[in-house]
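A.B. asks: For reference, this is target-v4.cif, and it has mmCIF, C-alpha atoms.
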```
data_input
loop_
_atom_site.label_atom_id
_atom_site.label_comp_id
_atom_site.auth_asym_id
_atom_site.auth_seq_id
_atom_site.Cartn_x
_atom_site.Cartn_y
_atom_site.Cartn_z
CA MET A 34 -14.19 3.76 19.11
CA LYS A 35 -11.14 2.47 17.28
CA HIS A 36 -11.29 -0.40 14.85
CA ARG A 37 -8.37 -2.73 15.41
CA ARG A 38 -7.75 -4.71 12.26
CA ALA A 39 -7.46 -8.44 12.82
CA ARG A 40 -4.05 -9.76 11.88
CA HIS A 41 -3.77 -12.00 8.85
CA GLY A 42 -1.17 -14.35 7.47
CA LEU A 43 -0.10 -11.72 5.00
CA ASP A 44 0.70 -9.35 7.87
CA LEU A 45 3.44 -11.76 8.96
CA VAL A 46 5.46 -11.18 5.82
CA VAL A 47 4.48 -7.76 4.45
CA ARG A 48 7.14 -5.09 4.92
CA PRO A 49 5.90 -1.47 4.92
CA GLU A 50 8.99 -0.09 3.16
CA ARG A 51 8.45 -2.57 0.34
CA VAL A 52 4.77 -1.77 0.04
CA GLU A 53 5.80 1.85 -0.31
CA ALA A 54 8.47 0.97 -2.88
CA ALA A 55 5.91 -1.04 -4.86
CA LEU A 56 3.64 2.01 -5.03
CA TRP A 57 6.44 4.09 -6.47
CA ARG A 58 7.42 1.28 -8.83
CA HIS A 59 3.92 1.45 -10.26
CA ALA A 60 4.09 5.25 -10.28
CA LEU A 61 7.20 5.11 -12.43
CA ALA A 62 5.23 3.14 -14.98
CA ASP A 63 2.08 5.31 -14.83
CA LEU A 64 1.84 8.11 -12.25
CA ALA A 65 -1.60 9.26 -13.41
CA ARG A 66 -3.11 5.87 -12.60
CA THR A 67 -1.24 5.49 -9.32
CA ARG A 68 -1.58 9.01 -7.91
CA GLY A 69 -4.77 8.19 -6.04
CA LYS A 70 -3.26 5.18 -4.30
CA ILE A 71 -0.15 7.13 -3.38
CA PHE A 72 -2.22 10.00 -2.06
CA SER A 73 -4.27 7.61 0.09
CA HIS A 74 -1.07 6.04 1.40
CA TYR A 75 0.37 9.36 2.60
CA ALA A 76 -2.80 11.34 3.43
CA ARG A 77 -2.55 10.44 7.10
CA PHE A 78 1.06 11.59 7.16
CA ALA A 79 0.08 14.97 5.65
CA ARG A 80 -2.80 15.26 8.09
CA ALA A 81 -0.50 14.65 11.05
CA ILE A 82 1.74 17.53 9.93
CA ALA A 83 -1.35 19.74 9.56
CA ARG A 84 -2.58 18.78 13.02
CA ASP A 85 0.78 19.52 14.63
CA ARG A 86 0.83 22.91 12.98
CA TYR A 87 -2.75 23.66 13.97
CA LEU A 88 -2.26 22.60 17.58
CA SER A 89 0.94 24.58 17.94
CA ARG A 90 -0.80 27.83 16.87
CA ARG A 91 -4.31 27.41 18.25
CA PRO A 92 -5.62 30.03 15.83
CA ASP A 93 -9.10 31.47 15.96
CA ASN A 94 -9.49 32.58 12.35
CA TYR A 95 -9.09 29.26 10.61
CA GLU A 96 -9.98 25.63 11.21
CA LEU A 97 -8.06 22.37 11.14
CA GLY A 98 -9.82 21.46 7.89
CA ASP A 99 -8.30 24.52 6.22
CA VAL A 100 -4.79 23.61 7.35
CA GLU A 101 -5.35 20.08 6.05
CA GLN A 102 -6.24 21.41 2.61
CA PHE A 103 -2.93 23.25 2.43
CA ALA A 104 -1.15 20.10 3.62
CA TYR A 105 -2.82 18.06 0.88
CA GLU A 106 -1.77 20.62 -1.72
CA GLY A 107 1.83 20.24 -0.54
CA LEU A 108 1.48 16.46 -0.59
CA LEU A 109 0.20 16.51 -4.17
CA GLN A 110 3.08 18.69 -5.29
CA ALA A 111 5.55 16.40 -3.53
CA ILE A 112 4.05 13.32 -5.19
CA ASP A 113 4.40 14.89 -8.63
CA ARG A 114 7.97 16.05 -8.03
CA PHE A 115 9.39 13.04 -6.21
CA GLU A 116 12.01 10.97 -8.00
CA PRO A 117 11.59 7.45 -6.63
CA LEU A 118 14.95 6.17 -7.80
CA ARG A 119 16.78 8.71 -5.68
CA THR A 120 17.61 7.35 -2.28
CA THR A 121 15.76 10.03 -0.26
CA PRO A 122 12.68 8.49 1.38
CA PHE A 123 9.42 10.10 0.29
CA ARG A 124 8.44 11.30 3.76
CA ALA A 125 11.76 13.13 4.18
CA PHE A 126 11.26 14.69 0.75
CA ALA A 127 7.63 15.63 1.32
CA ARG A 128 7.68 16.91 4.92
CA PRO A 129 9.28 20.32 4.20
CA ARG A 130 7.08 20.76 1.14
CA ILE A 131 3.92 20.04 3.09
CA ALA A 132 5.02 22.36 5.91
CA GLY A 133 5.89 25.02 3.31
CA SER A 134 2.53 24.68 1.63
CA ILE A 135 0.79 25.16 4.99
CA SER A 136 2.88 28.24 5.78
CA ASN A 137 2.27 29.77 2.35
CA GLY A 138 -1.44 29.01 2.50
CA LEU A 139 -1.93 30.46 5.96
CA GLY A 140 0.23 33.46 5.08
CA LYS A 141 -2.24 34.37 2.35
CA TYR A 142 -5.22 33.65 4.55
CA SER A 143 -7.60 36.59 4.73
CA GLU A 144 -11.14 37.33 5.76
CA VAL A 145 -12.20 36.64 2.20
CA SER A 146 -10.69 33.19 2.19
CA ALA A 147 -11.97 32.59 5.70
CA ASN A 148 -15.45 33.01 4.29
CA ALA A 149 -14.67 30.17 1.96
CA ALA A 150 -13.30 27.98 4.77
CA TYR A 151 -13.03 24.28 4.04
CA ARG A 152 -15.93 23.23 6.19
CA ARG A 153 -18.39 25.61 4.57
CA ARG A 154 -17.07 24.88 1.10
CA ALA A 155 -17.30 21.13 1.65
CA GLU A 156 -20.88 21.36 2.86
CA ARG A 157 -21.83 23.52 -0.12
CA ASP A 158 -20.06 21.12 -2.54
CA ARG A 159 -21.94 18.16 -1.08
CA LEU A 160 -25.29 19.84 -1.26
CA GLU A 161 -24.77 21.08 -4.81
CA SER A 162 -23.60 17.63 -5.82
CA MET A 163 -26.76 16.01 -4.45
CA MET A 164 -29.11 18.68 -5.80
CA ALA A 165 -27.70 18.40 -9.30
CA GLU A 166 -28.49 14.70 -9.41
CA MET A 167 -31.98 14.91 -7.94
CA PRO A 168 -34.54 13.55 -10.44
CA GLU A 169 -37.28 16.01 -11.28
CA ASP A 170 -39.98 13.38 -10.86
CA GLY A 171 -38.56 12.11 -7.59
CA GLY A 172 -41.76 12.51 -5.59
CA SER A 173 -43.12 15.39 -3.56
CA ALA A 174 -40.92 18.21 -2.30
CA LEU A 175 -41.12 16.70 1.17
CA GLN A 176 -40.09 13.26 -0.08
CA GLN A 177 -37.19 14.76 -1.99
CA LEU A 178 -36.09 16.75 1.01
CA SER A 179 -36.30 13.68 3.19
CA LYS A 180 -34.19 11.67 0.76
CA LEU A 181 -31.67 14.48 0.48
CA ALA A 182 -31.34 14.72 4.26
CA ALA A 183 -30.96 10.96 4.62
CA THR A 184 -28.29 10.83 1.93
CA LEU A 185 -26.35 13.75 3.37
CA ALA A 186 -26.57 12.07 6.77
CA ILE A 187 -24.70 9.07 5.39
CA GLY A 188 -21.79 11.40 4.71
CA LEU A 189 -21.94 12.61 8.28
CA ILE A 190 -21.79 9.04 9.60
CA ILE A 191 -18.70 8.32 7.53
CA GLU A 192 -17.18 11.59 8.62
CA GLU A 193 -17.70 10.53 12.20
CA TRP A 194 -15.16 7.72 11.70
CA ARG A 195 -12.61 10.36 10.95
CA GLN A 196 -13.49 12.27 14.09
CA GLU A 197 -12.88 9.08 16.05
CA GLU A 198 -9.46 8.84 14.51
CA VAL A 199 -8.74 12.37 15.71
CA GLU A 200 -9.81 11.04 19.12
CA GLN A 201 -12.37 13.66 19.85
CA VAL A 202 -14.47 12.92 22.88
CA ARG A 203 -18.19 12.66 22.29
CA ALA A 204 -20.40 15.06 24.16
CA SER A 205 -22.54 12.27 25.58
CA GLU A 206 -22.07 8.55 25.76
CA PRO A 207 -24.55 6.56 23.65
CA THR A 208 -26.77 3.98 25.27
CA ALA A 209 -26.00 0.27 24.85
CA TYR A 210 -28.75 0.01 22.25
CA ASP A 211 -27.46 3.04 20.38
CA THR A 212 -23.99 1.57 20.31
CA LEU A 213 -25.19 -1.73 18.89
CA ALA A 214 -27.42 -0.05 16.29
CA TRP A 215 -24.65 2.36 15.41
CA LYS A 216 -22.14 -0.45 15.03
CA GLN A 217 -24.47 -2.37 12.75
CA THR A 218 -25.05 0.70 10.58
CA GLU A 219 -21.32 1.34 10.44
CA LEU A 220 -20.56 -2.23 9.49
CA ALA A 221 -23.19 -2.20 6.75
CA LEU A 222 -21.90 1.13 5.49
CA ARG A 223 -18.29 -0.05 5.38
CA GLU A 224 -19.38 -3.09 3.39
CA CYS A 225 -21.35 -0.90 1.00
CA ILE A 226 -18.39 1.43 0.46
CA ALA A 227 -16.16 -1.56 -0.32
CA MET A 228 -18.61 -2.57 -3.04
CA LEU A 229 -18.64 0.83 -4.79
CA PRO A 230 -16.79 1.27 -8.10
CA ALA A 231 -13.17 2.31 -7.47
CA ASN A 232 -13.52 6.00 -8.34
CA GLU A 233 -16.71 6.43 -6.31
CA ALA A 234 -15.16 4.67 -3.30
CA PHE A 235 -12.10 6.89 -3.64
CA VAL A 236 -14.20 10.07 -3.57
CA VAL A 237 -16.13 8.92 -0.49
CA GLN A 238 -13.04 7.78 1.39
CA GLN A 239 -10.93 10.80 0.58
CA HIS A 240 -13.63 13.39 1.10
CA TYR A 241 -15.19 12.06 4.28
CA LEU A 242 -12.37 10.12 5.90
CA ASN A 243 -9.45 12.32 4.92
CA GLY A 244 -11.32 15.61 4.53
CA VAL A 245 -10.05 16.23 1.00
CA ALA A 246 -11.94 18.88 -0.98
CA PHE A 247 -13.66 17.91 -4.25
CA ARG A 248 -11.30 20.28 -6.07
CA GLN A 249 -8.25 18.36 -4.86
CA ILE A 250 -9.80 14.97 -5.52
CA ALA A 251 -10.35 16.19 -9.09
CA LEU A 252 -6.63 16.99 -9.34
CA ILE A 253 -5.62 13.61 -7.92
CA LEU A 254 -7.82 11.65 -10.30
CA GLY A 255 -7.28 13.94 -13.28
CA LEU A 256 -11.02 14.62 -13.58
CA SER A 257 -13.14 17.79 -13.74
CA ASN A 258 -14.74 19.19 -10.58
CA GLY A 259 -18.13 18.46 -12.09
CA ARG A 260 -17.26 14.81 -12.61
CA VAL A 261 -16.11 14.42 -9.01
CA SER A 262 -19.34 16.03 -7.84
CA GLN A 263 -21.24 13.53 -9.96
CA LEU A 264 -19.25 10.57 -8.59
CA HIS A 265 -19.97 11.80 -5.06
CA SER A 266 -23.67 12.08 -5.66
CA ARG A 267 -23.87 8.65 -7.28
CA ALA A 268 -21.85 7.04 -4.52
CA LEU A 269 -24.00 8.48 -1.75
CA GLY A 270 -27.13 7.59 -3.65
CA LYS A 271 -25.97 3.97 -3.89
CA LEU A 272 -25.00 3.87 -0.22
CA HIS A 273 -28.42 5.22 0.71
CA LYS A 274 -30.15 2.55 -1.37
CA GLN A 275 -27.97 -0.27 -0.03
CA LEU A 276 -28.42 0.83 3.56
CA ALA A 277 -32.17 1.06 3.11
CA LYS A 278 -32.16 -2.51 1.77
CA SER A 279 -30.07 -3.86 4.63
CA ARG A 280 -32.30 -2.45 7.36
CA MET B 49 30.11 -15.66 -27.64
CA SER B 50 28.23 -17.22 -24.74
CA LYS B 51 25.37 -15.30 -23.18
CA LEU B 52 26.59 -16.45 -19.78
CA CYS B 53 29.80 -15.40 -18.14
CA SER B 54 32.20 -18.20 -17.33
CA ASP B 55 32.40 -19.91 -13.95
CA GLN B 56 35.81 -18.36 -13.58
CA GLN B 57 34.45 -14.84 -14.15
CA MET B 58 31.59 -15.52 -11.76
CA ALA B 59 33.98 -16.77 -9.09
CA GLU B 60 36.16 -13.68 -9.55
CA LEU B 61 33.13 -11.40 -9.25
CA ILE B 62 31.97 -13.10 -6.08
CA GLU B 63 35.41 -12.71 -4.59
CA ALA B 64 35.62 -9.08 -5.71
CA ILE B 65 32.30 -8.04 -4.18
CA GLY B 66 32.81 -9.99 -0.96
CA GLY B 67 32.80 -7.39 1.81
CA ASP B 68 32.73 -4.50 -0.67
CA ASP B 69 29.48 -2.76 0.14
CA LEU B 70 30.43 0.42 -1.66
CA HIS B 71 31.23 -0.83 -5.12
CA ASP B 72 29.51 -4.22 -5.31
CA VAL B 73 26.68 -3.10 -7.60
CA GLU B 74 29.16 -1.27 -9.81
CA LYS B 75 31.22 -4.45 -10.15
CA ILE B 76 28.19 -6.55 -11.02
CA ASP B 77 27.15 -3.92 -13.56
CA ARG B 78 30.57 -4.10 -15.19
CA LEU B 79 30.20 -7.82 -15.83
CA LEU B 80 26.56 -7.29 -16.81
CA SER B 81 27.60 -4.87 -19.54
CA ALA B 82 29.58 -7.73 -21.10
CA PHE B 83 26.88 -10.36 -20.40
CA PRO B 84 23.55 -8.49 -20.33
CA GLU B 85 21.58 -11.69 -20.78
CA ASP B 86 23.09 -13.64 -17.92
CA PRO B 87 20.15 -14.21 -15.52
CA ARG B 88 22.50 -15.11 -12.67
CA LEU B 89 24.06 -11.65 -12.79
CA HIS B 90 20.65 -9.95 -12.75
CA PHE B 91 19.64 -12.12 -9.82
CA MET B 92 22.86 -11.34 -8.01
CA LYS B 93 22.30 -7.64 -8.61
CA GLY B 94 18.70 -7.87 -7.41
CA SER B 95 19.71 -9.65 -4.21
CA THR B 96 22.44 -7.09 -3.58
CA LEU B 97 20.05 -4.18 -4.14
CA VAL B 98 17.56 -5.68 -1.67
CA GLY B 99 20.29 -5.52 0.96
CA LYS B 100 20.79 -1.85 0.11
CA GLN B 101 17.06 -1.11 0.42
CA ARG B 102 16.94 -0.05 -3.24
CA MET B 103 13.68 -1.88 -3.67
CA ILE B 104 12.47 -0.55 -7.00
CA GLU B 105 15.66 -1.45 -8.81
CA ALA B 106 15.88 -4.74 -6.91
CA HIS B 107 12.51 -5.80 -8.24
CA LEU B 108 13.48 -4.85 -11.78
CA SER B 109 16.64 -6.97 -11.57
CA LEU B 110 14.90 -10.00 -10.07
CA GLN B 111 12.19 -9.71 -12.70
CA LYS B 112 14.78 -9.52 -15.46
CA ALA B 113 16.49 -12.67 -14.16
CA VAL B 114 13.19 -14.58 -14.34
CA GLU B 115 12.35 -13.16 -17.76
CA LEU B 116 15.68 -14.35 -19.11
CA ALA B 117 15.50 -17.75 -17.43
CA PRO B 118 11.91 -18.80 -16.64
CA ASP B 119 13.24 -22.09 -15.17
CA PHE B 120 15.55 -20.32 -12.74
CA ALA B 121 13.57 -21.64 -9.78
CA VAL B 122 15.40 -19.90 -6.94
CA ALA B 123 15.13 -16.52 -8.69
CA ARG B 124 11.43 -17.10 -9.36
CA TYR B 125 10.87 -18.04 -5.73
CA GLN B 126 12.71 -14.94 -4.50
CA LEU B 127 10.91 -12.64 -6.96
CA GLY B 128 7.55 -13.99 -5.74
CA PHE B 129 8.63 -13.64 -2.12
CA PHE B 130 9.72 -10.08 -2.80
CA GLU B 131 6.32 -9.32 -4.29
CA LEU B 132 4.55 -10.96 -1.37
CA THR B 133 6.49 -8.88 1.12
CA SER B 134 5.58 -5.81 -0.97
CA GLY B 135 1.90 -6.52 -0.35
CA GLU B 136 1.37 -7.81 -3.90
CA ALA B 137 0.00 -11.24 -3.07
CA ASP B 138 -1.76 -11.73 -6.43
CA LYS B 139 1.38 -10.87 -8.31
CA ALA B 140 3.42 -13.24 -6.11
CA LEU B 141 1.02 -16.10 -6.79
CA ALA B 142 1.28 -15.46 -10.53
CA THR B 143 5.08 -15.40 -10.34
CA TRP B 144 5.16 -18.63 -8.33
CA GLY B 145 2.72 -20.42 -10.63
CA PRO B 146 5.36 -22.43 -12.56
CA LEU B 147 6.99 -23.55 -9.28
CA LEU B 148 3.84 -25.52 -8.51
CA MET B 149 4.70 -27.71 -11.49
CA LEU B 150 7.90 -28.85 -9.77
CA PRO B 151 7.86 -32.31 -8.14
CA THR B 152 6.49 -32.49 -4.61
CA ASP B 153 9.92 -33.35 -3.27
CA ASN B 154 11.21 -29.92 -4.28
CA TYR B 155 11.50 -27.68 -1.22
CA LEU B 156 10.70 -24.50 -3.17
CA ARG B 157 7.40 -25.97 -4.25
CA ARG B 158 6.56 -26.89 -0.65
CA PHE B 159 7.49 -23.42 0.58
CA VAL B 160 5.32 -21.85 -2.12
CA GLU B 161 2.44 -24.14 -1.13
CA GLY B 162 2.94 -23.07 2.47
CA LEU B 163 3.02 -19.38 1.60
CA THR B 164 -0.13 -19.80 -0.47
CA HIS B 165 -1.87 -21.24 2.60
CA LEU B 166 -0.47 -18.40 4.67
CA ILE B 167 -2.02 -15.82 2.33
CA ARG B 168 -5.38 -17.51 2.91
CA ASP B 169 -4.88 -17.51 6.70
CA GLU B 170 -4.73 -21.33 6.66
CA PHE B 171 -2.05 -21.50 9.29
CA GLU B 172 -2.07 -25.21 10.10
CA ALA B 173 -1.82 -26.17 6.44
CA ALA B 174 0.93 -23.59 5.98
CA ILE B 175 2.95 -25.04 8.85
CA GLY B 176 2.57 -28.54 7.37
CA GLU B 177 3.97 -27.45 4.01
CA PHE B 178 6.75 -25.40 5.56
CA GLU B 179 7.88 -28.32 7.72
CA ALA B 180 7.78 -30.68 4.76
CA GLY B 181 9.88 -28.23 2.73
CA MET B 182 12.40 -27.80 5.52
CA ALA B 183 12.81 -31.56 5.83
CA ILE B 184 13.59 -31.81 2.11
CA ASN B 185 15.77 -28.72 1.88
CA GLN B 186 19.36 -29.76 2.41
CA ASP B 187 21.04 -27.19 0.19
CA ASN B 188 19.71 -23.85 1.41
CA PRO B 189 19.97 -23.68 5.23
CA PRO B 190 19.35 -19.90 5.55
CA MET B 191 15.97 -20.36 3.91
CA ASN B 192 15.10 -23.05 6.46
CA HIS B 193 15.97 -20.64 9.23
CA ASP B 194 13.60 -18.00 7.86
CA ILE B 195 10.82 -20.47 7.24
CA GLY B 196 11.34 -21.66 10.82
CA LEU B 197 10.67 -18.10 12.04
CA LEU B 198 7.56 -17.98 9.91
CA ILE B 199 6.34 -21.25 11.43
CA ALA B 200 6.79 -19.77 14.90
CA GLU B 201 4.70 -16.75 13.89
CA CYS B 202 2.01 -19.02 12.43
CA ARG B 203 1.87 -20.89 15.73
CA LYS B 204 1.40 -17.61 17.57
CA MET B 205 -1.48 -16.79 15.23
CA LEU B 206 -3.04 -20.16 15.94
CA GLY B 207 -2.61 -19.51 19.65
CA GLY B 208 -4.34 -16.13 19.22
CA GLY B 209 -1.17 -14.13 19.80
CA GLY B 210 0.28 -11.52 17.48
CA GLY B 211 3.91 -11.21 16.63
CA ALA B 212 6.44 -9.22 14.70
CA PRO B 213 6.86 -9.73 10.97
CA ALA B 214 8.97 -12.76 10.28
CA GLY B 215 12.47 -12.68 8.85
CA ASP B 216 13.13 -11.97 5.24
CA SER B 217 14.48 -14.92 3.37
CA SER B 218 15.39 -12.84 0.36
CA GLU B 219 17.98 -11.02 2.45
CA SER B 220 19.32 -13.69 4.74
CA ALA B 221 19.51 -16.26 1.98
CA THR B 222 21.39 -13.92 -0.29
CA SER B 223 24.85 -14.91 0.83
CA PHE B 224 24.04 -18.56 0.36
CA LEU B 225 22.52 -17.94 -3.04
CA LEU B 226 25.53 -15.96 -4.14
CA GLY B 227 27.59 -19.05 -3.33
CA GLN B 228 25.40 -21.05 -5.66
CA PHE B 229 26.35 -18.89 -8.62
CA SER B 230 29.79 -20.35 -8.79
CA SER B 231 28.27 -23.68 -9.82
CA GLY B 232 26.86 -22.01 -12.93
CA THR B 233 23.44 -23.56 -12.49
CA THR B 234 20.12 -21.78 -12.58
CA HIS B 235 18.29 -24.57 -10.78
#
```
Transcribe the structure of this file into structure tokens.

C.D. replies:
Amino acid sequence: MKHRRARHGLDLVVRPERVEAALWRHALADLARTRGKIFSHYARFARAIARDRYLSRRPDNYELGDVEQFAYEGLLQAIDRFEPLRTTPFRAFARPRIAGSISNGLGKYSEVSANAAYRRRAERDRLESMMAEMPEDGGSALQQLSKLAATLAIGLIIEEWRQEEVEQVRASEPTAYDTLAWKQTELALRECIAMLPANEAFVVQQHYLNGVAFRQIALILGLSNGRVSQLHSRALGKLHKQLAKSR
Amino acid sequence: MSKLCSDQQMAELIEAIGGDDLHDVEKIDRLLSAFPEDPRLHFMKGSTLVGKQRMIEAHLSLQKAVELAPDFAVARYQLGFFELTSGEADKALATWGPLLMLPTDNYLRRFVEGLTHLIRDEFEAAIGEFEAGMAINQDNPPMNHDIGLLIAECRKMLGGGGGAPAGDSSESATSFLLGQFSSGTTH
């Protein structure tokens, strides 16, 4: 299910190369504050390189998510090293760096690192993030578990949007009612994410939609891993509350 | 010593950079080093840099022109348009603000009014302002051409159709605007 964005008046005049130049113009003034926006702008580009690499190898000892993490590392390095006033376009500058980062990362890949594969690490990070913020007087163990499951499920719904982007085919088609209910939940969730504070929205979007690890989000935002974990937990908690209200 | 270069120097510069894509910025810079506070030279440099896709520097030059001469209406319009096409609608509206104080028979004001409607997806109102501006505008034909393209795109939107991004007045109007410099006016 792809979401085609309705065209607006602004779309008639906006020029992508200028939008990109404006990002770098702001980066020249303050890269630390702009890094997140720049990362979001190019994350899809980095992911496409990762996907090409993954599909060309069809490996059995690592997953696409792992290759993406290496691609994001390369992207971050490219962002920090790029000189916007030089005439080389960013994508031309970044592509070999991202590809190099993937090659280096996979070259060092071992059984040990495979045990810490992105997917497992991400799930552990999420759980730890939620557990750390659980109030001690938050009801019975069953109630707490139920809330935890519901909150983690929100992440899975958001992650599903990313899977749709990758154009994976669902195992079974939903019923008409499921589709309507699902759409309504999605719509409500998208609205709730848009209302989150900027840093919390960034964590949710990057982690679930772009598959960026907490550790890398911390680097992008210049925050500690613990702080990102806290932002994640708060964001999901707010989404859970808002969704519960809207149902 | 005047802060502005003479009409003669401006005319010589325009002649010197005509058709010289390689050294045009260099030549403007040479005159700018003698007249660093001439807004027309900064504007000329900005317009030239847009044509070379050097967008970051182009914005800086256009911004400098407006800083030096806040009443330089054409430069202010182009700076705002540049910001709009860069996806910075709020910034564009702030830049254009003073142009809304111009009389209603000023075509730049009408174009800004139209673009403001466009940002809000008010296509019919945008077309009305664009057409009014085009009717008034007798001295900048390339801009009318670009606004005409924009009107066509607005009509497609009203008809439910899509369309490619419209032309870029800051580029196609550049040659005309360069011609204006020889008059020595910033209005």

A.B. asks: Determine, counting all atoms listed in the file, which protein, DNA and RNA residues have an atom within 7 Å of an atom of stretch 237-251 of chain A; residues of the same chain fewer than 2 positions away are not included. Present the result as a PyMOL selection string.

C.D. replies: chain A and resi 76+98+102+155+188+191-192+194-195+233-235+253-258+261-262+265

A.B. asks: Using only C-alpha atoms and a cut-off of 10 Å, which residues of chain A sit close to chain B? Please list them as a PyMOL selection string.

C.D. replies: chain A and resi 39-59+61+117-120

A.B. asks: Please write the residues from the selection above to a file, keeping C-alpha atoms, as a compact mmCIF listing (two decimals), keeping the file's coordinate frame.

C.D. replies:
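The new file out-v2.txt reads:
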```txt
# COMPACT_ATOMS: atom_id res chain seq x y z
CA ALA A 39 -7.46 -8.44 12.82
CA ARG A 40 -4.05 -9.76 11.88
CA HIS A 41 -3.77 -12.00 8.85
CA GLY A 42 -1.17 -14.35 7.47
CA LEU A 43 -0.10 -11.72 5.00
CA ASP A 44 0.70 -9.35 7.87
CA LEU A 45 3.44 -11.76 8.96
CA VAL A 46 5.46 -11.18 5.82
CA VAL A 47 4.48 -7.76 4.45
CA ARG A 48 7.14 -5.09 4.92
CA PRO A 49 5.90 -1.47 4.92
CA GLU A 50 8.99 -0.09 3.16
CA ARG A 51 8.45 -2.57 0.34
CA VAL A 52 4.77 -1.77 0.04
CA GLU A 53 5.80 1.85 -0.31
CA ALA A 54 8.47 0.97 -2.88
CA ALA A 55 5.91 -1.04 -4.86
CA LEU A 56 3.64 2.01 -5.03
CA TRP A 57 6.44 4.09 -6.47
CA ARG A 58 7.42 1.28 -8.83
CA HIS A 59 3.92 1.45 -10.26
CA LEU A 61 7.20 5.11 -12.43
CA PRO A 117 11.59 7.45 -6.63
CA LEU A 118 14.95 6.17 -7.80
CA ARG A 119 16.78 8.71 -5.68
CA THR A 120 17.61 7.35 -2.28
```

A.B. asks: For the structure shown, which residues end up in the PyMOL selection byres ((chain A and resi 121-132) around 12)? Put them as an MDAnalysis selection string, please?

C.D. replies: (chainID A and resid 50:51 53:54 56:57 71:72 74:87 100:120 133:139) or (chainID B and resid 101:103)

A.B. asks: Given the file shown, enumerate the residues that the PyMOL selection byres ((chain B and resi 145) around 12) captures and present them as a PDB file with C-alpha atoms, keeping the file's coordinate frame.

C.D. replies:
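Output contents, as saved in result23.pdb:
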```
ATOM      1  CA  PRO B 118      11.910 -18.800 -16.640  1.00  0.00           C
ATOM      2  CA  ASP B 119      13.240 -22.090 -15.170  1.00  0.00           C
ATOM      3  CA  ALA B 121      13.570 -21.640  -9.780  1.00  0.00           C
ATOM      4  CA  ARG B 124      11.430 -17.100  -9.360  1.00  0.00           C
ATOM      5  CA  TYR B 125      10.870 -18.040  -5.730  1.00  0.00           C
ATOM      6  CA  LEU B 127      10.910 -12.640  -6.960  1.00  0.00           C
ATOM      7  CA  GLY B 128       7.550 -13.990  -5.740  1.00  0.00           C
ATOM      8  CA  ASP B 138      -1.760 -11.730  -6.430  1.00  0.00           C
ATOM      9  CA  LYS B 139       1.380 -10.870  -8.310  1.00  0.00           C
ATOM     10  CA  ALA B 140       3.420 -13.240  -6.110  1.00  0.00           C
ATOM     11  CA  LEU B 141       1.020 -16.100  -6.790  1.00  0.00           C
ATOM     12  CA  ALA B 142       1.280 -15.460 -10.530  1.00  0.00           C
ATOM     13  CA  THR B 143       5.080 -15.400 -10.340  1.00  0.00           C
ATOM     14  CA  TRP B 144       5.160 -18.630  -8.330  1.00  0.00           C
ATOM     15  CA  PRO B 146       5.360 -22.430 -12.560  1.00  0.00           C
ATOM     16  CA  LEU B 147       6.990 -23.550  -9.280  1.00  0.00           C
ATOM     17  CA  LEU B 148       3.840 -25.520  -8.510  1.00  0.00           C
ATOM     18  CA  MET B 149       4.700 -27.710 -11.490  1.00  0.00           C
ATOM     19  CA  LEU B 150       7.900 -28.850  -9.770  1.00  0.00           C
ATOM     20  CA  LEU B 156      10.700 -24.500  -3.170  1.00  0.00           C
ATOM     21  CA  ARG B 157       7.400 -25.970  -4.250  1.00  0.00           C
ATOM     22  CA  VAL B 160       5.320 -21.850  -2.120  1.00  0.00           C
ATOM     23  CA  GLU B 161       2.440 -24.140  -1.130  1.00  0.00           C
ATOM     24  CA  THR B 164      -0.130 -19.800  -0.470  1.00  0.00           C
TER      25      THR B 164
END
```

A.B. asks: To one decimal in Å, tell me the separation between atom CA of B:Gly94 and atom CA of B:Leu110.

C.D. replies: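 Taking atom CA of B:Gly94 as the start and atom CA of B:Leu110 as the end point, the length is 5.1 Å.
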
A.B. asks: I'd like to see the residues matched by the PyMOL selection byres ((chain B and resi 52) around 12) on this file, and ideally I'd get them as a ChimeraX atom specification.

C.D. replies: /B:49-51,53-58,79-90,116-117,229,232-234

A.B. asks: Next, write the just-selected residues to a file, as a CSV table (one decimal), keeping the file's coordinate frame, keeping C-alpha atoms as the atom set.

C.D. replies:
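Printed below is again31.csv as written:
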```
chain,number,residue,atom,x,y,z
B,49,MET,CA,30.1,-15.7,-27.6
B,50,SER,CA,28.2,-17.2,-24.7
B,51,LYS,CA,25.4,-15.3,-23.2
B,53,CYS,CA,29.8,-15.4,-18.1
B,54,SER,CA,32.2,-18.2,-17.3
B,55,ASP,CA,32.4,-19.9,-14.0
B,56,GLN,CA,35.8,-18.4,-13.6
B,57,GLN,CA,34.4,-14.8,-14.2
B,58,MET,CA,31.6,-15.5,-11.8
B,79,LEU,CA,30.2,-7.8,-15.8
B,80,LEU,CA,26.6,-7.3,-16.8
B,81,SER,CA,27.6,-4.9,-19.5
B,82,ALA,CA,29.6,-7.7,-21.1
B,83,PHE,CA,26.9,-10.4,-20.4
B,84,PRO,CA,23.6,-8.5,-20.3
B,85,GLU,CA,21.6,-11.7,-20.8
B,86,ASP,CA,23.1,-13.6,-17.9
B,87,PRO,CA,20.2,-14.2,-15.5
B,88,ARG,CA,22.5,-15.1,-12.7
B,89,LEU,CA,24.1,-11.6,-12.8
B,90,HIS,CA,20.6,-10.0,-12.8
B,116,LEU,CA,15.7,-14.4,-19.1
B,117,ALA,CA,15.5,-17.8,-17.4
B,229,PHE,CA,26.4,-18.9,-8.6
B,232,GLY,CA,26.9,-22.0,-12.9
B,233,THR,CA,23.4,-23.6,-12.5
B,234,THR,CA,20.1,-21.8,-12.6
```
